[in-house]
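> Below are the structure tokens for one structure; questions will follow.
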Amino acid sequence: MKFLLSRGQLYTSYINMAPMRNKWKKTAIQRLPTSGEPFDGPVGSLVWGRIPGQPWWPGITVDGQDCGMPDISSDHKWVFWLEDRRVSKVQSKWVQHFKDRYSLYFDSTRKGKIYESAVVQAIKVYAKHLGHESGKWTNKQALKWADGGFQQNGVRKVEGVTPVPLSHVIQDDLQLIRKCVERSKQNNGSSPIKNSVQHGKQNNEPSRKRRSSISSVSELKTDVQYDDLAKVKSGEMSIRRLCLGCKSAEVKIVGEHPYFEGSLCKICMEALKKHCFEFGDDGIHTHCAICSRAGRVYVCDRPGCCKVYCTPCIEVLAAEGAKMLIEKMQPWQCFLCSDVRPTVNGIITPRHESVILSRITALFSLDKIPLFCGDDLPLSEDGLPLVSSNRKNGLRVLSLFDGISTGLFALDKLQIEVEKYYASEVDGDAINVSKLNFKDKIEYVGPVETLNLRKLKALGRIDLLLGGSPCTELSLANPVRKGLFDTDASGSLFFEYFRVLVTLRMLQGNCMYWLFENTAAMPCSMKATISRYLGRNPTVFDAAWLSAQHRTRLFWGNIPGWGKKVAKCNVKLDDCLIPGLNRIAAVDMIRTVTTNSNSLRQGKTMTHPVRMNGKEDTLWITELERVFGFETHYTDTGNLGISKRQQLLGRAWSVHVAVHLMKPLQSVFKKRNTKQGYRRVII
Ligand SMILES: C[S@@+](CC[C@H](N)C(=O)[O-])C[C@H]1O[C@@H](n2cnc3c(N)ncnc32)[C@H](O)[C@@H]1O
Ligand SMILES: [Zn+2]
Ligand SMILES: [Zn+2]
Ligand SMILES: [Zn+2]
């Protein structure tokens with residue numbers, strides 16, 4: 001069975017859906033189908049809410065205006081569903097106080113990360129409001145505190161418990177929803193949801209399930225027929241005129257869909273940009289590869305892919321009866337992973353692999369934000385910017401957030417003479433790994449915050465500023481991320497990079513290359529903020545284009561040549577396994593490795609990626625080092641355990657990508673004249 005539970009966040013289909021879940025409906029309904037007294041707490045209250053036919057789910061009551069919705073009568077409330085991040089209109093009698101009804105409505109037998117995460121998020125918000133430092137609580141701690149009766153922190157006096165303050169993340173979501181509603185109003189000049197298609201309407205017969213889930217907002221609904229889709233299917237209209245996201249040609253098309261033939265309107269394009277690199281903890285995409293919506297999805301069984309397709313897309317775009325065929329296919333390889341099968345594909349036509357690659361890169365093209373004045377470097381004969389003089393010099397690097405010195409490793413591979421490599425890092429284990437490998441080639445300069453003007457001046461000329469600040473607080477994978485602006489959290493370290501960049505430019509007049517890296521799975525608003533500070537948009541790069549692992553990252557910088565097409569190379573996981581031990585790769589490519597050991601498991605079955613002597617086996621850490629492009633035992637220092645070594649790698653850059661991005665520097669800087677590199681030979 002390929003259904004997953006409801007996935008991730010969604011904002012384009014915000015109105016017509018309650019959080020959609022399956023499997024567990026029965027228990028939830030049996031437990032508590034009853035409503036209570038109509039809720040009349042203020043906006044911003046933490047509540048349980050329920051849409052008929054759906055189970056209770058934690059949410060926050062919001063002001064319709066805050067999210068672009070119309071005013072409603074007092075017997076209804078607008079509820080923002082936690083984790084699902086959609087807004088629904090709910091009858092007040094189906095809205096109940098979160099704390100009061102917690103023991104009644106919380107279904108601890110209910111499986112599913114999104115549900116648990118939503119409940120935990122609600123508990124933490126509540127606990128914070130009662131004066132607890134709940135931000136760092138584990139799920140277990142949060143649930144335990146709630147089970148213990150929501151005790152107030154004795155130290156802090158709290159007045160009342162509602163409304164709870166809305167976190168930045170929730171405020172961002174509401175703002176996004178409002179923007180989308182406003183945009184679609186402008187686009188259509190009519191109901192805000194004209195853009196959202198009522199799926200299952202193909203035969204003018206809405207499915208029962210759908211009808212019940214939208215009944216509470218039915219007066220808002222304008223039925224959209226699939227007229228445009230029918231024209232495409234009959235050959236009357238080119239698919240290029242159709243937005244594959246909203247299945248309409250009445251919207252303003254802003255570009256082509258990167259994966260499939262067809263186009264996208266502005267809202268759907270934004271949704272795609274936001275979600276195309278977003279994965280759940282299980283390494284599976286959170287949003288449909290076609291329309292970028294969440295909901296019930298089919299998961300591609302090819303572990304290296306893990307793309308998902310929503311039921312509505314399959315119902316209306318794939319061939320008739322495809323849904324049943326897909327359900328029967330075991331395993332099912334998605335539209336991008338298998339050859340086109342007319343009986344299944346319908347009008348879903350994948351683009352050629354090389355086209356996809358350049359389209360995805362183009363989505364994040366560098367041309368939209370004006371460059372900082374003077375950021376362009378003088379050019380050499382071959383058109384590359386020159387640093388410091390016409391003569392080729394050795395390279396002087398300052399690497400912030402240096403980790404395990406992937407930057408130096410890559411420069412060494414490129415045989416560029418590194419005259420000086422300053423590094424800022426605070427993790428002792430990471431420093432030990434680098435020291436062991438590069439001995440005294442690296443000069444550590446302390447935590448990034450300590451790099452004041454005087455210290456930076458003392459470093460002398462810097463030709464290349466590297467840095468990839470911690471991403472935990474920025475990542476969409478972290479539902480309680482604190483973002484860029486919380487000065488107590490690591491997300492704000494980006495501004496340290498920015499500060500150093502600006503200071504060095506001031507000191508040496510812009511003649512410097514720079515590269516900043518971070519996760520691709522961050523909200524668009526953060527991407528935009530970073531881009532505004534750095535003066536340009538990022539380019540996106542997936543290590544899968546050059547190696548046997550997925551690792552999609554954003555890169556900002558001024559090293560030329562990044563927009564160029566990458567010749568995809570065909571390294572497979574098998575090439576990275578330790579030879580001679582009968583180890584065989586079960587997948588071609590592994591999913592993004594994080595600091596979590598589970599991330600080494602693959603696909604929705606969470607299997608290990610290797611088979612040894614016929615049995616499943618985990619990927620060894622030495623093999624993971626090879627996957628990243630390091631040499632075997634690169635992280636083998638002292639008594640460093642396997643999980644710590646994985647953590648160091650889980651934070652690191654892919655060597656293949658770092659080499660690719662810094663390669664243009666070869667023609668600007670001196671070639672290393674010693675045959676032997678900077679790495680120490682480890683015995
Ligand atoms: C995303 S990792 C970068 C890893 C690196 N690019 C690599 O390839 O190994 C971020 C690094 O920033 C380091 N870090 C965190 N706070 C820091 C600070 N205040 N100053 C310098 N480095 C810091 C962390 O220890 C971590 O190694
Ligand atoms: Zn659209
Ligand atoms: Zn879809
Ligand atoms: Zn696939």
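Ligands are numbered from 1 in the order shown, chains are lettered A, B, ... in the order of the structure tokens, and residues start at 1 in each chain.
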Which residues are near ligand 3 in this structure, taking near to mean any atom at most 6 Å from a ligand atom and counting only C-alpha atoms and all ligand atoms? Format them as a VMD selection string.
chain A and resid 288 290 to 293 309 to 310 313
> Taking only C-alpha atoms and all ligand atoms into account, report as a PyMOL selection string which residues have an atom no farther than 10 Å from an atom of ligand 4.
chain A and resi 289+299-309+332-338
> Quick one: write out the picked residues with N, CA and C atoms as a short mmCIF file (atom, residue, chain, number, x, y, z; two decimals), in the first residue's frame?

data_model
loop_
_atom_site.label_atom_id
_atom_site.label_comp_id
_atom_site.auth_asym_id
_atom_site.auth_seq_id
_atom_site.Cartn_x
_atom_site.Cartn_y
_atom_site.Cartn_z
N ALA A 289 5.14 16.00 -6.03
CA ALA A 289 6.15 16.46 -7.00
C ALA A 289 5.51 17.24 -8.14
N VAL A 299 3.92 7.15 -2.53
CA VAL A 299 5.37 7.34 -2.43
C VAL A 299 6.06 6.47 -3.47
N CYS A 300 7.00 7.05 -4.18
CA CYS A 300 7.78 6.27 -5.14
C CYS A 300 8.61 5.26 -4.36
N ASP A 301 8.64 4.03 -4.83
CA ASP A 301 9.35 2.98 -4.09
C ASP A 301 10.84 2.94 -4.39
N ARG A 302 11.30 3.77 -5.34
CA ARG A 302 12.74 3.74 -5.59
C ARG A 302 13.40 4.58 -4.49
N PRO A 303 14.21 3.93 -3.62
CA PRO A 303 14.71 4.64 -2.44
C PRO A 303 15.46 5.93 -2.76
N GLY A 304 16.17 5.96 -3.87
CA GLY A 304 16.90 7.18 -4.20
C GLY A 304 15.99 8.33 -4.56
N CYS A 305 14.72 8.04 -4.82
CA CYS A 305 13.80 9.08 -5.30
C CYS A 305 12.95 9.64 -4.16
N CYS A 306 12.07 8.77 -3.63
CA CYS A 306 11.23 9.16 -2.50
C CYS A 306 10.35 10.37 -2.78
N LYS A 307 10.04 10.61 -4.05
CA LYS A 307 9.10 11.68 -4.36
C LYS A 307 7.69 11.16 -4.07
N VAL A 308 6.79 12.09 -3.82
CA VAL A 308 5.42 11.68 -3.55
C VAL A 308 4.47 12.39 -4.51
N TYR A 309 3.33 11.76 -4.72
CA TYR A 309 2.33 12.28 -5.66
C TYR A 309 0.98 12.25 -4.96
N TRP A 332 6.24 0.34 -6.72
CA TRP A 332 5.83 1.32 -7.73
C TRP A 332 6.93 2.35 -7.92
N GLN A 333 7.38 2.48 -9.14
CA GLN A 333 8.38 3.52 -9.43
C GLN A 333 7.65 4.67 -10.11
N CYS A 334 7.93 5.86 -9.66
CA CYS A 334 7.11 7.00 -10.06
C CYS A 334 7.32 7.40 -11.53
N PHE A 335 6.62 8.45 -11.92
CA PHE A 335 6.64 8.90 -13.31
C PHE A 335 8.03 9.35 -13.75
N LEU A 336 8.85 9.75 -12.77
CA LEU A 336 10.20 10.21 -13.13
C LEU A 336 11.19 9.05 -13.15
N CYS A 337 10.84 7.98 -12.46
CA CYS A 337 11.81 6.89 -12.29
C CYS A 337 11.60 5.73 -13.26
N SER A 338 10.48 5.70 -13.93
CA SER A 338 10.30 4.59 -14.87
C SER A 338 9.98 5.16 -16.25
#
> Could you list, as a PyMOL selection string, all residues that come within 8 Å of ligand 1? Count only C-alpha atoms and all ligand atoms.
chain A and resi 400-407+424-427+430+446-449+467-471+490+493+517-518+648-649+651-654
> Could you save those same residues with C-alpha atoms as a PDB file, in the first residue's frame?

ATOM      1  CA  LEU A 400      33.955  30.158   9.135  1.00  0.00           C
ATOM      2  CA  PHE A 401      32.006  27.240  10.643  1.00  0.00           C
ATOM      3  CA  ASP A 402      34.816  25.117   9.293  1.00  0.00           C
ATOM      4  CA  GLY A 403      33.546  21.751  10.602  1.00  0.00           C
ATOM      5  CA  ILE A 404      35.890  19.058   9.342  1.00  0.00           C
ATOM      6  CA  SER A 405      37.609  21.420   6.880  1.00  0.00           C
ATOM      7  CA  THR A 406      35.870  20.190   3.765  1.00  0.00           C
ATOM      8  CA  GLY A 407      36.892  23.482   2.173  1.00  0.00           C
ATOM      9  CA  SER A 424      36.774  29.349  12.928  1.00  0.00           C
ATOM     10  CA  GLU A 425      35.174  26.362  14.627  1.00  0.00           C
ATOM     11  CA  VAL A 426      33.984  25.507  18.130  1.00  0.00           C
ATOM     12  CA  ASP A 427      33.457  21.748  18.028  1.00  0.00           C
ATOM     13  CA  ALA A 430      35.686  18.526  14.380  1.00  0.00           C
ATOM     14  CA  GLY A 446      38.405  31.003  17.724  1.00  0.00           C
ATOM     15  CA  PRO A 447      34.608  31.326  17.625  1.00  0.00           C
ATOM     16  CA  VAL A 448      33.240  33.472  14.854  1.00  0.00           C
ATOM     17  CA  GLU A 449      31.811  36.008  17.301  1.00  0.00           C
ATOM     18  CA  GLY A 467      31.136  29.391   5.476  1.00  0.00           C
ATOM     19  CA  GLY A 468      28.042  27.303   6.004  1.00  0.00           C
ATOM     20  CA  SER A 469      26.396  28.323   9.258  1.00  0.00           C
ATOM     21  CA  PRO A 470      24.371  25.811  11.336  1.00  0.00           C
ATOM     22  CA  CYS A 471      21.010  25.101   9.730  1.00  0.00           C
ATOM     23  CA  SER A 490      22.320  29.232  16.072  1.00  0.00           C
ATOM     24  CA  LEU A 493      25.100  32.924  13.146  1.00  0.00           C
ATOM     25  CA  GLU A 517      26.115  27.588   2.086  1.00  0.00           C
ATOM     26  CA  ASN A 518      22.964  26.474   3.823  1.00  0.00           C
ATOM     27  CA  LEU A 648      30.404  15.386  11.720  1.00  0.00           C
ATOM     28  CA  LEU A 649      29.739  14.058   8.237  1.00  0.00           C
ATOM     29  CA  ARG A 651      26.907  18.510   8.910  1.00  0.00           C
ATOM     30  CA  ALA A 652      29.608  18.552   6.261  1.00  0.00           C
ATOM     31  CA  TRP A 653      29.629  19.625   2.641  1.00  0.00           C
ATOM     32  CA  SER A 654      29.937  17.067  -0.082  1.00  0.00           C
TER      33      SER A 654
END
> Which residue out of A:Ala410, A:Val254, A:Ala585, A:Leu573 has the minimum interatomic distance to ligand 2 when only C-alpha atoms and all ligand atoms are used?
A:Val254
> Check the smallest atom-to-atom distance from each of A:Thr361, A:Val610, A:Ile416, A:Cys243 to Pro664 (chain A) using only C-alpha atoms, then report the winner.
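With only C-alpha atoms as the atom set, the closest residue is A:Ile416.
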> Taking only C-alpha atoms and all ligand atoms and a cut-off of 9 Å, can you tell me which residues surround ligand 2, written as a PyMOL selection string?
chain A and resi 12+195-196+242-249+251-253+263-269+291
> Excluding region 70-84 of chain A and its own-chain neighbours fewer than 3 positions away, which residues fall within 9 Å of it when counting only C-alpha atoms? Please give them as a PyMOL selection string.
chain A and resi 6-10+18-20+38-40+43+47+49+57-65+87-95+114-115+117-119+121-122+170+174+294+479
> Write out as a ChimeraX atom specification all residues of region 552-682 of chain A that DSSP puts in alpha helix (DSSP H) for this structure's backbone.
/A:621-628,642-651,655-662
> Print the selection's residues with C-alpha atoms to a file, as a PDB file, in the first residue's frame.

ATOM      1  CA  ILE A 621      31.186   4.884   8.432  1.00  0.00           C
ATOM      2  CA  THR A 622      34.275   4.448   6.253  1.00  0.00           C
ATOM      3  CA  GLU A 623      31.956   3.955   3.297  1.00  0.00           C
ATOM      4  CA  LEU A 624      30.011   7.046   4.239  1.00  0.00           C
ATOM      5  CA  GLU A 625      33.284   8.961   4.224  1.00  0.00           C
ATOM      6  CA  ARG A 626      33.789   7.776   0.659  1.00  0.00           C
ATOM      7  CA  VAL A 627      30.252   8.747  -0.292  1.00  0.00           C
ATOM      8  CA  PHE A 628      31.064  12.281   0.875  1.00  0.00           C
ATOM      9  CA  ILE A 642      30.544   5.938  14.944  1.00  0.00           C
ATOM     10  CA  SER A 643      27.611   8.189  15.772  1.00  0.00           C
ATOM     11  CA  LYS A 644      29.826  11.226  16.403  1.00  0.00           C
ATOM     12  CA  ARG A 645      31.615  10.566  13.148  1.00  0.00           C
ATOM     13  CA  GLN A 646      28.267  10.404  11.381  1.00  0.00           C
ATOM     14  CA  GLN A 647      27.277  13.680  13.005  1.00  0.00           C
ATOM     15  CA  LEU A 648      30.404  15.386  11.720  1.00  0.00           C
ATOM     16  CA  LEU A 649      29.739  14.058   8.237  1.00  0.00           C
ATOM     17  CA  GLY A 650      26.020  14.830   8.543  1.00  0.00           C
ATOM     18  CA  ARG A 651      26.907  18.510   8.910  1.00  0.00           C
ATOM     19  CA  VAL A 655      33.553  17.162  -1.270  1.00  0.00           C
ATOM     20  CA  HIS A 656      32.347  16.615  -4.839  1.00  0.00           C
ATOM     21  CA  VAL A 657      30.194  19.720  -4.684  1.00  0.00           C
ATOM     22  CA  ALA A 658      32.832  21.832  -2.943  1.00  0.00           C
ATOM     23  CA  VAL A 659      35.376  20.814  -5.593  1.00  0.00           C
ATOM     24  CA  HIS A 660      32.937  21.615  -8.377  1.00  0.00           C
ATOM     25  CA  LEU A 661      32.056  25.039  -6.989  1.00  0.00           C
ATOM     26  CA  MET A 662      35.637  26.091  -6.307  1.00  0.00           C
TER      27      MET A 662
END
> Taking only C-alpha atoms into account, which of A:Asp147, A:Gly491, A:Lys128, A:Pro163 comes nearest Ser108 (chain A)?
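Of the candidates, the smallest distance to Ser108 (chain A) is held by A:Asp147.
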> Among region 529-626 of chain A, which ones does DSSP place in strand (DSSP E), written as a list of chain:residue names?
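Across region 529-626 of chain A, those assigned strand (DSSP E) are A:Thr539, A:Val540, A:Phe541, A:Asp542, A:Thr552, A:Arg553, A:Leu554, A:Phe555, A:Trp556, A:Gly557, A:Arg583, A:Ile584, A:Ala585, A:Val610, A:Arg611, A:Met612, A:Lys615, A:Glu616, A:Asp617.
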> In Å to one decimal, how far is CA of Ile284 (chain A) from CA of Met526 (chain A)?
22.7 Å
> Rounded to one decimal, what separation in Å do you get between CA of Pro350 (chain A) and CA of Ser599 (chain A)?
28.0 Å
> Looking at only C-alpha atoms, which of A:Gln175, A:Tyr422, A:Val433, A:Val668 is the one that sits closest to Val445 (chain A)?
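The shortest atom-to-atom distance to Val445 (chain A) comes from A:Tyr422.
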